[in-house]
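K.L.:
What follows is final-v5.cif, mmCIF, C-alpha atoms.
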```cif
data_run
loop_
_atom_site.label_atom_id
_atom_site.label_comp_id
_atom_site.auth_asym_id
_atom_site.auth_seq_id
_atom_site.Cartn_x
_atom_site.Cartn_y
_atom_site.Cartn_z
CA MET A 1 -105.36 150.45 -108.84
CA ILE A 2 -107.32 147.34 -107.85
CA LYS A 3 -110.80 147.13 -109.42
CA LEU A 4 -111.64 143.48 -108.68
CA VAL A 5 -110.79 141.14 -105.82
CA ALA A 6 -111.36 137.45 -106.56
CA THR A 7 -110.89 134.99 -103.73
CA ASP A 8 -111.12 131.25 -103.44
CA MET A 9 -113.39 130.02 -100.65
CA ASP A 10 -112.25 126.85 -98.84
CA GLY A 11 -108.79 127.23 -97.40
CA THR A 12 -108.69 130.90 -98.35
CA PHE A 13 -111.62 133.21 -97.56
CA LEU A 14 -113.59 130.90 -95.28
CA ASP A 15 -112.41 130.26 -91.73
CA ALA A 16 -111.69 126.91 -90.08
CA HIS A 17 -115.43 126.29 -89.68
CA GLY A 18 -116.20 126.98 -93.36
CA THR A 19 -117.89 130.29 -92.64
CA TYR A 20 -117.15 134.03 -92.45
CA ASP A 21 -118.01 137.15 -90.45
CA LYS A 22 -121.05 138.68 -92.16
CA GLU A 23 -120.74 141.99 -90.34
CA ARG A 24 -117.16 142.42 -91.49
CA LEU A 25 -118.03 141.48 -95.07
CA ALA A 26 -120.90 143.98 -95.10
CA GLY A 27 -118.43 146.69 -94.10
CA VAL A 28 -115.93 145.64 -96.77
CA LEU A 29 -118.58 145.54 -99.51
CA ALA A 30 -119.82 149.01 -98.59
CA LYS A 31 -116.30 150.40 -98.93
CA PHE A 32 -115.68 148.40 -102.11
CA LYS A 33 -118.80 149.98 -103.62
CA GLU A 34 -117.57 153.46 -102.73
CA GLN A 35 -114.27 152.74 -104.48
CA ASP A 36 -115.76 150.83 -107.47
CA ILE A 37 -114.16 147.51 -106.52
CA ILE A 38 -115.95 144.27 -107.35
CA PHE A 39 -115.78 141.37 -104.88
CA ALA A 40 -115.88 137.90 -106.45
CA ALA A 41 -116.16 134.52 -104.77
CA ALA A 42 -114.16 132.16 -107.01
CA SER A 43 -114.73 128.54 -106.09
CA GLY A 44 -115.11 124.97 -107.17
CA ARG A 45 -118.37 125.01 -105.23
CA SER A 46 -121.60 125.02 -107.17
CA LEU A 47 -123.31 128.27 -108.09
CA LEU A 48 -126.31 127.23 -105.98
CA ALA A 49 -124.09 126.62 -102.96
CA LEU A 50 -122.28 129.95 -103.32
CA LYS A 51 -125.56 131.85 -103.61
CA SER A 52 -126.73 130.12 -100.44
CA LEU A 53 -123.46 130.86 -98.62
CA PHE A 54 -123.72 134.55 -99.56
CA ALA A 55 -127.51 134.84 -99.46
CA ASP A 56 -127.33 138.25 -97.75
CA PHE A 57 -124.90 139.64 -100.33
CA LYS A 58 -125.59 137.82 -103.60
CA ASP A 59 -126.74 140.97 -105.44
CA GLN A 60 -123.71 142.95 -104.27
CA MET A 61 -120.97 140.67 -105.60
CA ALA A 62 -119.83 138.31 -108.32
CA PHE A 63 -119.61 134.52 -108.35
CA ILE A 64 -117.06 132.54 -110.33
CA ALA A 65 -118.48 129.11 -109.59
CA GLU A 66 -117.87 125.53 -110.69
CA ASN A 67 -114.14 126.27 -111.19
CA GLY A 68 -114.89 128.93 -113.76
CA SER A 69 -117.77 127.24 -115.58
CA ALA A 70 -120.43 129.69 -114.31
CA VAL A 71 -120.09 133.44 -113.71
CA VAL A 72 -122.72 135.73 -112.22
CA LEU A 73 -122.32 139.43 -111.45
CA PHE A 74 -124.84 141.40 -109.35
CA GLY A 75 -127.44 138.72 -110.06
CA GLU A 76 -126.87 138.69 -113.83
CA LEU A 77 -125.48 135.66 -115.68
CA VAL A 78 -122.25 136.60 -117.46
CA TYR A 79 -120.94 133.25 -118.71
CA GLU A 80 -121.52 129.53 -118.40
CA GLU A 81 -120.06 126.40 -119.96
CA HIS A 82 -121.55 122.90 -119.81
CA LEU A 83 -120.59 119.33 -120.42
CA THR A 84 -122.77 117.45 -122.90
CA LYS A 85 -124.67 114.42 -121.60
CA LYS A 86 -122.37 112.14 -123.58
CA GLN A 87 -119.33 113.83 -122.08
CA TYR A 88 -120.38 113.55 -118.45
CA ILE A 89 -121.55 109.97 -118.87
CA ASP A 90 -118.25 109.08 -120.55
CA ILE A 91 -116.37 110.68 -117.64
CA ALA A 92 -118.44 108.82 -115.06
CA ASN A 93 -117.90 105.51 -116.86
CA LYS A 94 -114.16 106.15 -116.93
CA LEU A 95 -114.03 107.16 -113.28
CA VAL A 96 -115.31 103.81 -112.05
CA GLU A 97 -112.30 102.19 -113.77
CA SER A 98 -109.87 104.25 -111.71
CA PRO A 99 -107.84 102.25 -109.18
CA TYR A 100 -107.85 105.34 -106.92
CA LEU A 101 -111.61 105.85 -106.62
CA HIS A 102 -113.54 104.35 -103.73
CA GLY A 103 -116.94 103.02 -104.80
CA HIS A 104 -119.17 105.78 -106.13
CA ASP A 105 -117.45 108.79 -104.52
CA TYR A 106 -118.26 111.14 -107.40
CA LEU A 107 -120.93 113.68 -108.24
CA LEU A 108 -122.42 115.70 -111.10
CA SER A 109 -122.73 119.44 -110.40
CA GLY A 110 -125.64 120.96 -112.31
CA LYS A 111 -127.50 124.21 -112.66
CA ASN A 112 -130.47 123.00 -110.63
CA GLY A 113 -128.83 120.57 -108.26
CA ALA A 114 -126.17 117.93 -107.69
CA TYR A 115 -126.45 114.23 -108.50
CA VAL A 116 -124.81 111.19 -106.93
CA HIS A 117 -125.13 107.51 -107.77
CA ALA A 118 -127.83 105.62 -105.91
CA ASP A 119 -125.15 103.36 -104.41
CA ALA A 120 -122.93 106.19 -103.15
CA ASP A 121 -121.90 105.82 -99.50
CA ASP A 122 -123.86 107.92 -97.01
CA GLU A 123 -120.54 109.31 -95.78
CA TYR A 124 -119.73 110.66 -99.25
CA VAL A 125 -123.22 112.16 -99.64
CA ASP A 126 -122.85 113.92 -96.28
CA PHE A 127 -119.48 115.25 -97.43
CA ALA A 128 -120.96 116.48 -100.72
CA LYS A 129 -123.77 118.33 -98.95
CA LYS A 130 -121.20 120.61 -97.31
CA TYR A 131 -120.30 122.02 -100.73
CA TYR A 132 -123.35 121.41 -102.94
CA ASP A 133 -127.04 122.24 -102.61
CA LYS A 134 -129.91 119.93 -103.55
CA VAL A 135 -127.87 116.73 -103.62
CA GLN A 136 -129.98 113.93 -105.12
CA ARG A 137 -129.41 110.22 -105.60
CA VAL A 138 -130.10 108.85 -109.09
CA ALA A 139 -130.08 105.29 -110.38
CA SER A 140 -128.26 106.40 -113.52
CA PHE A 141 -126.80 109.65 -114.82
CA GLU A 142 -128.77 108.92 -118.00
CA GLU A 143 -131.90 110.08 -116.18
CA VAL A 144 -130.43 113.46 -115.15
CA ASN A 145 -132.22 116.31 -116.90
CA ASP A 146 -130.07 119.32 -116.06
CA LEU A 147 -127.21 121.43 -117.42
CA ILE A 148 -124.04 119.94 -115.95
CA PHE A 149 -120.98 122.09 -115.28
CA LYS A 150 -118.53 119.49 -113.98
CA LEU A 151 -117.95 116.27 -112.11
CA THR A 152 -116.18 116.04 -108.78
CA ALA A 153 -114.63 112.95 -107.22
CA ASN A 154 -112.99 111.99 -103.94
CA PHE A 155 -109.86 109.94 -103.47
CA THR A 156 -107.68 109.99 -100.37
CA ALA A 157 -105.21 112.66 -99.32
CA GLU A 158 -102.43 110.20 -100.22
CA THR A 159 -103.75 109.35 -103.71
CA VAL A 160 -105.47 112.55 -104.87
CA ARG A 161 -102.56 113.65 -107.08
CA GLU A 162 -102.31 110.17 -108.61
CA GLY A 163 -106.06 110.18 -109.16
CA GLU A 164 -105.86 113.58 -110.83
CA ALA A 165 -103.10 112.37 -113.17
CA TRP A 166 -105.00 109.18 -113.97
CA VAL A 167 -108.10 111.16 -115.02
CA ASN A 168 -106.03 113.56 -117.14
CA ASP A 169 -104.48 110.62 -118.97
CA ALA A 170 -107.78 108.80 -119.42
CA ILE A 171 -110.07 111.62 -120.57
CA PRO A 172 -108.68 113.78 -123.40
CA PHE A 173 -111.43 116.42 -123.55
CA ALA A 174 -111.47 117.24 -119.83
CA THR A 175 -109.07 118.40 -117.14
CA ALA A 176 -108.90 117.20 -113.54
CA VAL A 177 -107.71 119.68 -110.93
CA THR A 178 -107.09 119.16 -107.23
CA THR A 179 -109.56 121.29 -105.27
CA GLY A 180 -109.05 120.03 -101.74
CA PHE A 181 -106.79 117.63 -99.98
CA LYS A 182 -108.73 114.63 -101.28
CA SER A 183 -111.00 116.02 -104.00
CA ILE A 184 -110.67 116.71 -107.71
CA ASP A 185 -112.95 118.57 -110.10
CA ILE A 186 -113.26 117.46 -113.72
CA ILE A 187 -114.08 120.26 -116.15
CA LEU A 188 -113.78 120.91 -119.86
CA ASN A 189 -110.13 121.37 -120.68
CA HIS A 190 -110.48 124.94 -121.88
CA VAL A 191 -112.12 126.07 -118.62
CA ASP A 192 -110.62 127.08 -115.27
CA LYS A 193 -111.06 129.90 -112.76
CA SER A 194 -109.06 132.28 -114.95
CA THR A 195 -111.56 131.66 -117.78
CA GLY A 196 -114.46 132.83 -115.65
CA LEU A 197 -112.40 135.71 -114.27
CA ALA A 198 -111.47 136.87 -117.79
CA HIS A 199 -115.14 136.88 -118.88
CA LEU A 200 -116.06 138.88 -115.79
CA CYS A 201 -113.31 141.43 -116.43
CA GLU A 202 -114.22 141.72 -120.10
CA LYS A 203 -117.77 142.72 -119.18
CA TYR A 204 -116.53 145.55 -116.97
CA ASP A 205 -113.46 146.51 -119.04
CA ILE A 206 -111.12 145.55 -116.20
CA LYS A 207 -107.51 144.77 -117.06
CA ALA A 208 -105.65 141.80 -115.56
CA GLU A 209 -103.25 144.15 -113.77
CA GLU A 210 -106.27 145.64 -111.96
CA VAL A 211 -107.21 142.26 -110.47
CA LEU A 212 -106.12 140.85 -107.12
CA ALA A 213 -106.63 137.12 -106.66
CA LEU A 214 -106.25 134.97 -103.55
CA GLY A 215 -106.04 131.20 -103.28
CA ASP A 216 -104.57 128.11 -101.67
CA ASN A 217 -104.99 125.09 -103.93
CA LEU A 218 -104.10 123.88 -107.40
CA ASN A 219 -107.42 124.86 -108.95
CA ASP A 220 -106.49 128.46 -108.09
CA LEU A 221 -103.20 128.41 -109.98
CA GLU A 222 -104.41 129.74 -113.36
CA MET A 223 -106.40 132.48 -111.66
CA LEU A 224 -103.38 133.62 -109.65
CA GLU A 225 -101.17 133.53 -112.72
CA TRP A 226 -103.72 135.58 -114.70
CA ALA A 227 -104.28 138.27 -112.08
CA GLY A 228 -102.00 141.26 -111.74
CA THR A 229 -101.54 140.58 -108.02
CA ALA A 230 -101.53 137.06 -106.55
CA ILE A 231 -101.87 136.31 -102.84
CA ALA A 232 -101.54 132.90 -101.17
CA THR A 233 -102.54 131.90 -97.67
CA ALA A 234 -99.93 130.35 -95.38
CA ASN A 235 -101.76 127.01 -95.56
CA ALA A 236 -101.58 126.95 -99.38
CA ARG A 237 -99.89 124.24 -101.40
CA LYS A 238 -96.26 124.84 -102.29
CA GLU A 239 -97.06 125.48 -105.97
CA ILE A 240 -99.51 128.24 -105.04
CA LYS A 241 -97.06 129.95 -102.69
CA GLU A 242 -94.45 129.90 -105.43
CA ALA A 243 -96.87 131.54 -107.89
CA ALA A 244 -97.92 134.25 -105.42
CA ASP A 245 -96.56 137.76 -105.05
CA GLN A 246 -97.21 137.59 -101.33
CA VAL A 247 -98.03 134.94 -98.71
CA ILE A 248 -100.27 136.05 -95.86
CA GLY A 249 -101.46 134.20 -92.74
CA ASN A 250 -103.57 131.10 -92.29
CA HIS A 251 -107.15 131.11 -93.58
CA ALA A 252 -108.37 129.96 -90.16
CA ASP A 253 -107.47 133.40 -88.82
CA GLU A 254 -109.70 135.23 -91.35
CA VAL A 255 -106.64 136.77 -92.96
CA VAL A 256 -108.35 137.41 -96.31
CA MET A 257 -111.04 139.52 -94.65
CA THR A 258 -108.34 141.44 -92.83
CA TYR A 259 -106.40 141.90 -96.06
CA MET A 260 -109.47 143.24 -97.86
CA GLU A 261 -110.20 145.64 -95.03
CA GLY A 262 -106.65 146.91 -95.38
CA LEU A 263 -107.21 147.63 -99.07
CA VAL A 264 -109.94 150.16 -98.36
CA ASP A 265 -109.05 151.61 -94.94
#
```
Show the structure stored in the file as C-alpha coordinates.
P.N.:
Amino acid sequence: MIKLVATDMDGTFLDAHGTYDKERLAGVLAKFKEQDIIFAAASGRSLLALKSLFADFKDQMAFIAENGSAVVLFGELVYEEHLTKKQYIDIANKLVESPYLHGHDYLLSGKNGAYVHADADDEYVDFAKKYYDKVQRVASFEEVNDLIFKLTANFTAETVREGEAWVNDAIPFATAVTTGFKSIDIILNHVDKSTGLAHLCEKYDIKAEEVLALGDNLNDLEMLEWAGTAIATANARKEIKEAADQVIGNHADEVVMTYMEGLVD
(Lines of atoms letter the chains of each structure in order from A and count residues from 1; the text may use other names and numbers.)
(Lines give C-alpha, C1' and ligand atoms only; values in the text may rest on other atoms or scores of the structure.)
Protein backbone atom coordinates (compact mmCIF):
# COMPACT_ATOMS: atom_id res chain seq x y z
CA MET A 1 0.00 0.00 0.00
CA ILE A 2 1.36 3.42 -0.99
CA LYS A 3 1.51 5.92 1.90
CA LEU A 4 3.72 8.60 0.32
CA VAL A 5 4.15 9.88 -3.23
CA ALA A 6 7.30 11.92 -3.82
CA THR A 7 7.74 13.56 -7.20
CA ASP A 8 10.43 15.66 -8.77
CA MET A 9 9.22 18.94 -10.25
CA ASP A 10 10.95 20.08 -13.46
CA GLY A 11 10.73 17.47 -16.17
CA THR A 12 8.43 15.32 -14.05
CA PHE A 13 5.42 16.84 -12.27
CA LEU A 14 5.42 20.26 -13.93
CA ASP A 15 4.20 20.64 -17.49
CA ALA A 16 6.06 22.16 -20.45
CA HIS A 17 5.35 25.66 -19.10
CA GLY A 18 6.71 24.88 -15.62
CA THR A 19 3.28 24.87 -14.01
CA TYR A 20 0.44 22.50 -13.07
CA ASP A 21 -3.35 22.27 -12.94
CA LYS A 22 -4.35 23.53 -9.49
CA GLU A 23 -7.90 22.21 -9.75
CA ARG A 24 -6.66 18.71 -10.51
CA LEU A 25 -4.11 18.83 -7.68
CA ALA A 26 -6.78 19.97 -5.22
CA GLY A 27 -8.83 16.91 -6.18
CA VAL A 28 -5.85 14.58 -5.80
CA LEU A 29 -4.89 16.00 -2.40
CA ALA A 30 -8.45 15.61 -1.12
CA LYS A 31 -8.43 11.93 -2.09
CA PHE A 32 -4.89 11.47 -0.75
CA LYS A 33 -6.07 12.82 2.61
CA GLU A 34 -8.98 10.38 2.67
CA GLN A 35 -6.57 7.50 2.06
CA ASP A 36 -3.76 8.78 4.36
CA ILE A 37 -1.30 9.35 1.52
CA ILE A 38 1.24 12.16 1.79
CA PHE A 39 2.14 14.15 -1.34
CA ALA A 40 5.72 15.46 -1.43
CA ALA A 41 7.33 17.83 -3.91
CA ALA A 42 10.97 16.67 -4.14
CA SER A 43 13.12 19.17 -5.97
CA GLY A 44 16.42 20.90 -6.35
CA ARG A 45 14.45 24.13 -6.18
CA SER A 46 14.71 26.22 -3.05
CA LEU A 47 12.25 25.77 -0.21
CA LEU A 48 11.09 29.37 -0.71
CA ALA A 49 10.42 28.72 -4.40
CA LEU A 50 8.49 25.51 -3.72
CA LYS A 51 6.33 27.20 -1.10
CA SER A 52 5.58 29.94 -3.62
CA LEU A 53 4.81 27.42 -6.38
CA PHE A 54 2.39 25.57 -4.08
CA ALA A 55 1.13 28.58 -2.12
CA ASP A 56 -2.46 27.27 -2.19
CA PHE A 57 -1.45 23.83 -0.89
CA LYS A 58 1.66 24.33 1.26
CA ASP A 59 -0.05 23.20 4.49
CA GLN A 60 -1.48 20.09 2.83
CA MET A 61 1.76 18.55 1.57
CA ALA A 62 5.45 17.96 2.15
CA PHE A 63 8.48 19.62 0.58
CA ILE A 64 11.81 17.90 0.04
CA ALA A 65 13.70 20.95 -1.16
CA GLU A 66 17.28 21.86 -2.03
CA ASN A 67 17.94 18.30 -3.25
CA GLY A 68 17.14 16.86 0.16
CA SER A 69 18.75 19.52 2.35
CA ALA A 70 15.44 20.89 3.67
CA VAL A 71 12.25 18.96 4.51
CA VAL A 72 8.93 20.45 5.60
CA LEU A 73 5.71 18.55 6.26
CA PHE A 74 2.33 20.28 6.70
CA GLY A 75 4.15 23.52 7.51
CA GLU A 76 6.47 21.95 10.10
CA LEU A 77 10.24 21.74 9.63
CA VAL A 78 11.35 18.10 9.73
CA TYR A 79 15.02 18.29 8.71
CA GLU A 80 17.60 20.66 7.31
CA GLU A 81 21.31 20.53 6.53
CA HIS A 82 23.57 23.50 5.80
CA LEU A 83 26.96 24.26 4.38
CA THR A 84 29.27 26.25 6.65
CA LYS A 85 30.41 29.66 5.42
CA LYS A 86 33.91 28.29 4.89
CA GLN A 87 32.52 25.41 2.86
CA TYR A 88 30.40 27.48 0.49
CA ILE A 89 33.13 30.06 0.00
CA ASP A 90 35.63 27.29 -0.73
CA ILE A 91 33.22 25.81 -3.29
CA ALA A 92 32.66 29.18 -4.95
CA ASN A 93 36.41 29.82 -5.14
CA LYS A 94 36.92 26.41 -6.73
CA LEU A 95 34.08 26.88 -9.20
CA VAL A 96 35.67 29.92 -10.81
CA GLU A 97 38.69 27.73 -11.65
CA SER A 98 36.53 25.32 -13.66
CA PRO A 99 37.17 25.37 -17.41
CA TYR A 100 33.48 24.54 -17.93
CA LEU A 101 31.94 27.48 -16.05
CA HIS A 102 30.96 30.64 -17.88
CA GLY A 103 31.74 33.77 -15.87
CA HIS A 104 29.76 33.87 -12.63
CA ASP A 105 26.94 31.47 -13.56
CA TYR A 106 26.53 30.15 -10.02
CA LEU A 107 24.34 30.86 -7.02
CA LEU A 108 24.01 30.27 -3.28
CA SER A 109 20.61 28.92 -2.19
CA GLY A 110 19.76 30.00 1.35
CA LYS A 111 16.94 29.85 3.84
CA ASN A 112 15.97 33.49 3.31
CA GLY A 113 16.94 34.01 -0.31
CA ALA A 114 19.36 33.27 -3.13
CA TYR A 115 22.64 35.06 -3.81
CA VAL A 116 24.54 35.66 -7.04
CA HIS A 117 27.81 37.46 -7.68
CA ALA A 118 27.53 41.15 -8.49
CA ASP A 119 29.13 40.48 -11.88
CA ALA A 120 26.78 37.65 -12.86
CA ASP A 121 25.25 38.05 -16.33
CA ASP A 122 21.69 39.38 -16.42
CA GLU A 123 20.76 36.32 -18.50
CA TYR A 124 21.89 33.98 -15.72
CA VAL A 125 20.05 36.01 -13.07
CA ASP A 126 16.85 35.84 -15.14
CA PHE A 127 17.34 32.08 -15.44
CA ALA A 128 17.87 31.73 -11.68
CA LYS A 129 14.70 33.67 -10.89
CA LYS A 130 12.64 30.93 -12.56
CA TYR A 131 13.72 28.49 -9.83
CA TYR A 132 14.67 30.66 -6.83
CA ASP A 133 12.88 33.38 -4.89
CA LYS A 134 14.48 36.59 -3.63
CA VAL A 135 17.55 36.45 -5.86
CA GLN A 136 20.03 39.11 -4.74
CA ARG A 137 23.35 40.30 -6.12
CA VAL A 138 26.23 40.51 -3.63
CA ALA A 139 29.75 41.85 -4.04
CA SER A 140 31.14 38.89 -2.12
CA PHE A 141 29.72 35.73 -0.58
CA GLU A 142 31.59 36.77 2.57
CA GLU A 143 28.84 39.31 3.21
CA VAL A 144 26.00 36.76 3.00
CA ASN A 145 24.30 36.33 6.37
CA ASP A 146 22.03 33.35 5.82
CA LEU A 147 21.90 29.58 6.25
CA ILE A 148 23.04 28.12 2.93
CA PHE A 149 21.77 24.75 1.72
CA LYS A 150 23.70 24.37 -1.54
CA LEU A 151 25.29 26.02 -4.54
CA THR A 152 24.04 25.65 -8.08
CA ALA A 153 25.96 26.33 -11.28
CA ASN A 154 25.26 26.42 -15.01
CA PHE A 155 27.40 24.97 -17.75
CA THR A 156 26.16 24.06 -21.22
CA ALA A 157 24.12 21.04 -22.22
CA GLU A 158 27.27 19.68 -23.90
CA THR A 159 29.58 20.16 -20.90
CA VAL A 160 27.30 19.68 -17.88
CA ARG A 161 28.45 16.10 -17.22
CA GLU A 162 32.10 17.13 -17.54
CA GLY A 163 31.43 20.06 -15.21
CA GLU A 164 29.79 17.75 -12.70
CA ALA A 165 32.77 15.37 -12.77
CA TRP A 166 35.23 18.26 -12.44
CA VAL A 167 33.49 19.54 -9.29
CA ASN A 168 33.35 16.05 -7.77
CA ASP A 169 37.09 15.66 -8.30
CA ALA A 170 37.91 19.13 -7.01
CA ILE A 171 35.77 19.30 -3.86
CA PRO A 172 36.06 16.28 -1.54
CA PHE A 173 33.37 17.22 1.01
CA ALA A 174 30.60 17.95 -1.51
CA THR A 175 28.78 16.19 -4.33
CA ALA A 176 27.72 17.70 -7.65
CA VAL A 177 24.60 16.27 -9.29
CA THR A 178 23.06 17.10 -12.64
CA THR A 179 19.65 18.67 -12.06
CA GLY A 180 18.75 19.91 -15.53
CA PHE A 181 20.20 19.73 -18.97
CA LYS A 182 22.79 22.41 -18.17
CA SER A 183 22.67 22.79 -14.38
CA ILE A 184 24.32 21.10 -11.43
CA ASP A 185 23.64 21.38 -7.71
CA ILE A 186 26.49 21.10 -5.21
CA ILE A 187 25.47 19.71 -1.83
CA LEU A 188 27.16 18.06 1.13
CA ASN A 189 28.22 14.58 0.09
CA HIS A 190 26.01 12.79 2.60
CA VAL A 191 22.85 14.54 1.36
CA ASP A 192 20.54 13.80 -1.57
CA LYS A 193 16.80 13.53 -2.18
CA SER A 194 16.70 10.08 -0.57
CA THR A 195 18.15 11.61 2.63
CA GLY A 196 15.28 14.05 2.92
CA LEU A 197 12.78 11.36 1.95
CA ALA A 198 14.11 9.01 4.63
CA HIS A 199 13.78 11.70 7.33
CA LEU A 200 10.22 12.39 6.21
CA CYS A 201 9.31 8.70 6.32
CA GLU A 202 10.94 8.23 9.71
CA LYS A 203 8.72 10.93 11.19
CA TYR A 204 5.56 9.19 9.98
CA ASP A 205 6.79 5.59 10.39
CA ILE A 206 6.52 4.96 6.65
CA LYS A 207 8.56 2.12 5.17
CA ALA A 208 10.50 2.47 1.91
CA GLU A 209 8.27 -0.12 0.25
CA GLU A 210 5.29 2.17 0.97
CA VAL A 211 6.84 5.02 -1.02
CA LEU A 212 6.31 5.79 -4.70
CA ALA A 213 8.84 8.16 -6.27
CA LEU A 214 8.84 9.81 -9.69
CA GLY A 215 11.69 11.55 -11.48
CA ASP A 216 13.56 12.31 -14.67
CA ASN A 217 17.10 13.47 -13.92
CA LEU A 218 20.25 12.30 -12.17
CA ASN A 219 19.51 14.10 -8.92
CA ASP A 220 16.45 11.84 -8.64
CA LEU A 221 18.41 8.60 -8.87
CA GLU A 222 18.99 7.96 -5.14
CA MET A 223 15.37 8.77 -4.36
CA LEU A 224 14.11 6.32 -6.99
CA GLU A 225 16.49 3.64 -5.77
CA TRP A 226 15.37 4.15 -2.16
CA ALA A 227 11.63 4.08 -2.84
CA GLY A 228 9.69 0.84 -3.08
CA THR A 229 8.22 1.89 -6.44
CA ALA A 230 10.14 4.03 -8.95
CA ILE A 231 8.52 5.76 -11.92
CA ALA A 232 10.32 7.64 -14.71
CA THR A 233 8.85 9.98 -17.29
CA ALA A 234 9.43 9.25 -20.97
CA ASN A 235 11.67 12.33 -21.22
CA ALA A 236 13.93 11.08 -18.40
CA ARG A 237 17.63 10.42 -18.77
CA LYS A 238 18.61 6.89 -19.69
CA GLU A 239 20.00 6.15 -16.21
CA ILE A 240 16.68 7.10 -14.60
CA LYS A 241 14.64 4.94 -16.97
CA GLU A 242 16.92 2.01 -16.20
CA ALA A 243 16.41 2.49 -12.45
CA ALA A 244 12.62 2.75 -12.75
CA ASP A 245 10.02 0.03 -12.34
CA GLN A 246 7.87 1.75 -14.94
CA VAL A 247 8.23 4.48 -17.57
CA ILE A 248 5.16 6.62 -18.19
CA GLY A 249 4.53 9.42 -20.72
CA ASN A 250 6.14 12.79 -21.21
CA HIS A 251 5.95 15.35 -18.40
CA ALA A 252 4.58 17.92 -20.86
CA ASP A 253 1.36 15.90 -21.00
CA GLU A 254 0.80 16.10 -17.21
CA VAL A 255 1.31 12.36 -16.91
CA VAL A 256 2.27 12.48 -13.23
CA MET A 257 -1.01 14.16 -12.31
CA THR A 258 -2.85 11.53 -14.32
CA TYR A 259 -0.87 8.76 -12.64
CA MET A 260 -1.68 10.11 -9.18
CA GLU A 261 -5.36 10.37 -10.05
CA GLY A 262 -5.23 6.74 -11.07
CA LEU A 263 -3.84 5.76 -7.67
CA VAL A 264 -6.93 6.99 -5.84
CA ASP A 265 -9.77 6.55 -8.34
K.L.:
Region 88-102 of chain A: which residues within 6 Å, counting all atoms listed in the file, same-chain residues fewer than 2 positions away excluded, as a PyMOL selection string?
P.N.:
chain A and resi 85-86+105+155+163
K.L.:
Given the file shown, enumerate the residues that the PyMOL selection byres ((chain A and resi 241) around 12) captures and present them as a list in words.
P.N.:
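Selected by the PyMOL selection byres ((chain A and resi 241) around 12) in this file: Leu214, Gly215, Asp216, Asn217, Leu218, Asp220, Leu221, Leu224, Glu225, Ala230, Ile231, Ala232, Thr233, Ala234, Asn235, Ala236, Arg237, Lys238, Glu239, Ile240, Glu242, Ala243, Ala244, Asp245, Gln246, Val247, Ile248 and Gly249 of chain A.
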K.L.:
What gap, in Å, lies between CA of Ser69 (chain A) and CA of Phe141 (chain A)?
P.N.:
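Distance between the two atoms: 19.8 Å.
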K.L.:
Selected by the PyMOL selection byres ((chain A and resi 143) around 12) in the shown coordinates: which residues, as a list in words?
P.N.:
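Output from the PyMOL selection byres ((chain A and resi 143) around 12), applied to this file: Lys85, Ile89, Tyr115, Val116, His117, Ala118, Gln136, Arg137, Val138, Ala139, Ser140, Phe141, Glu142, Val144, Asn145 and Asp146 of chain A.
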K.L.:
Can I get the selected residues back with C-alpha atoms, as a PDB file, in the coordinates of the input?
P.N.:
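Dumped everything to selection-v1.pdb:
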```pdb
ATOM      1  CA  LYS A  85    -124.670 114.420-121.600  1.00  0.00           C
ATOM      2  CA  ILE A  89    -121.550 109.970-118.870  1.00  0.00           C
ATOM      3  CA  TYR A 115    -126.450 114.230-108.500  1.00  0.00           C
ATOM      4  CA  VAL A 116    -124.810 111.190-106.930  1.00  0.00           C
ATOM      5  CA  HIS A 117    -125.130 107.510-107.770  1.00  0.00           C
ATOM      6  CA  ALA A 118    -127.830 105.620-105.910  1.00  0.00           C
ATOM      7  CA  GLN A 136    -129.980 113.930-105.120  1.00  0.00           C
ATOM      8  CA  ARG A 137    -129.410 110.220-105.600  1.00  0.00           C
ATOM      9  CA  VAL A 138    -130.100 108.850-109.090  1.00  0.00           C
ATOM     10  CA  ALA A 139    -130.080 105.290-110.380  1.00  0.00           C
ATOM     11  CA  SER A 140    -128.260 106.400-113.520  1.00  0.00           C
ATOM     12  CA  PHE A 141    -126.800 109.650-114.820  1.00  0.00           C
ATOM     13  CA  GLU A 142    -128.770 108.920-118.000  1.00  0.00           C
ATOM     14  CA  VAL A 144    -130.430 113.460-115.150  1.00  0.00           C
ATOM     15  CA  ASN A 145    -132.220 116.310-116.900  1.00  0.00           C
ATOM     16  CA  ASP A 146    -130.070 119.320-116.060  1.00  0.00           C
TER      17      ASP A 146
END
```
K.L.:
Using the file's own x, y and z axes, so that the box edges lie along x, y and z, what centre and edge lengths in Å (one decimal) does a box around every listed atom of region 65-72 of chain A get when 4 Å is added on each side? Give it as lines of an AutoDock Vina configuration file.
P.N.:
```
center_x = -118.4
center_y = 130.6
center_z = -112.6
size_x = 16.6
size_y = 18.2
size_z = 14.0
```
K.L.:
Run the PyMOL selection byres ((chain A and resi 18) around 12) against the file shown and list the residues it catches, as a list in words.
P.N.:
Met9, Asp10, Gly11, Thr12, Phe13, Leu14, Asp15, Ala16, His17, Thr19, Tyr20, Asp21, Leu53, Lys130, Tyr131, His251, Ala252, Asp253 and Glu254 of chain A
K.L.:
When you count all atoms listed in the file, which of these residues is closest to Glu202 (chain A): A:Val78, A:Ala30, A:Ala49, A:Leu25?
P.N.:
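Ranked by minimum distance to Glu202 (chain A), first place goes to A:Val78.
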K.L.:
Hey, can you check how far CA of Asp36 (chain A) sits from CA of Asp56 (chain A)?
P.N.:
19.7 Å
K.L.:
Quick one: everything within 9 Å of Met61 (chain A), counting all atoms listed in the file, minus sequence neighbours fewer than 4 positions away in the same chain. Send it as JSON, numbers by chain.
P.N.:
{"A": [29, 38, 39, 40, 41, 57, 72, 73, 74, 75]}
K.L.:
If we count all atoms listed in the file and set the cut-off at 10 Å, which residues sit around Phe173 (chain A), ignoring sequence neighbours fewer than 3 positions away in its own chain? Please answer as an mmCIF file with C-alpha atoms, in the frame of the given file.
P.N.:
```
data_model
loop_
_atom_site.group_PDB
_atom_site.id
_atom_site.type_symbol
_atom_site.label_atom_id
_atom_site.label_comp_id
_atom_site.auth_asym_id
_atom_site.auth_seq_id
_atom_site.Cartn_x
_atom_site.Cartn_y
_atom_site.Cartn_z
ATOM 1 C CA GLN A 87 -119.330 113.830 -122.080
ATOM 2 C CA ILE A 91 -116.370 110.680 -117.640
ATOM 3 C CA ASN A 168 -106.030 113.560 -117.140
ATOM 4 C CA ALA A 170 -107.780 108.800 -119.420
ATOM 5 C CA ILE A 187 -114.080 120.260 -116.150
ATOM 6 C CA LEU A 188 -113.780 120.910 -119.860
ATOM 7 C CA ASN A 189 -110.130 121.370 -120.680
ATOM 8 C CA HIS A 190 -110.480 124.940 -121.880
#
```
K.L.:
From the list A:Asp192, A:Gln35, A:Ala120, A:Trp226, which residue is nearest Ile2 (chain A) when using all atoms listed in the file?
P.N.:
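Going through A:Asp192, A:Gln35, A:Ala120, A:Trp226 one by one, the smallest distance to Ile2 (chain A) is for A:Gln35.
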K.L.:
How far is it from CA of Leu197 (chain A) to CA of Ile64 (chain A), in Å with one decimal?
P.N.:
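These atoms are spaced 6.9 Å apart.
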K.L.:
For Ala165 (chain A), work out the shell of residues within 10 Å, counting only C-alpha atoms and skipping chain neighbours fewer than 6 positions away, then give it as an MDAnalysis selection string.
P.N.:
chainID A and resid 159 175:178
K.L.:
List as number ranges by chain: which residues have an atom within 12 Å of (-108.7, 147.8, -115.5), counting all atoms listed in the file?
P.N.:
A: 1-5, 36-38, 198, 200-212, 227-228
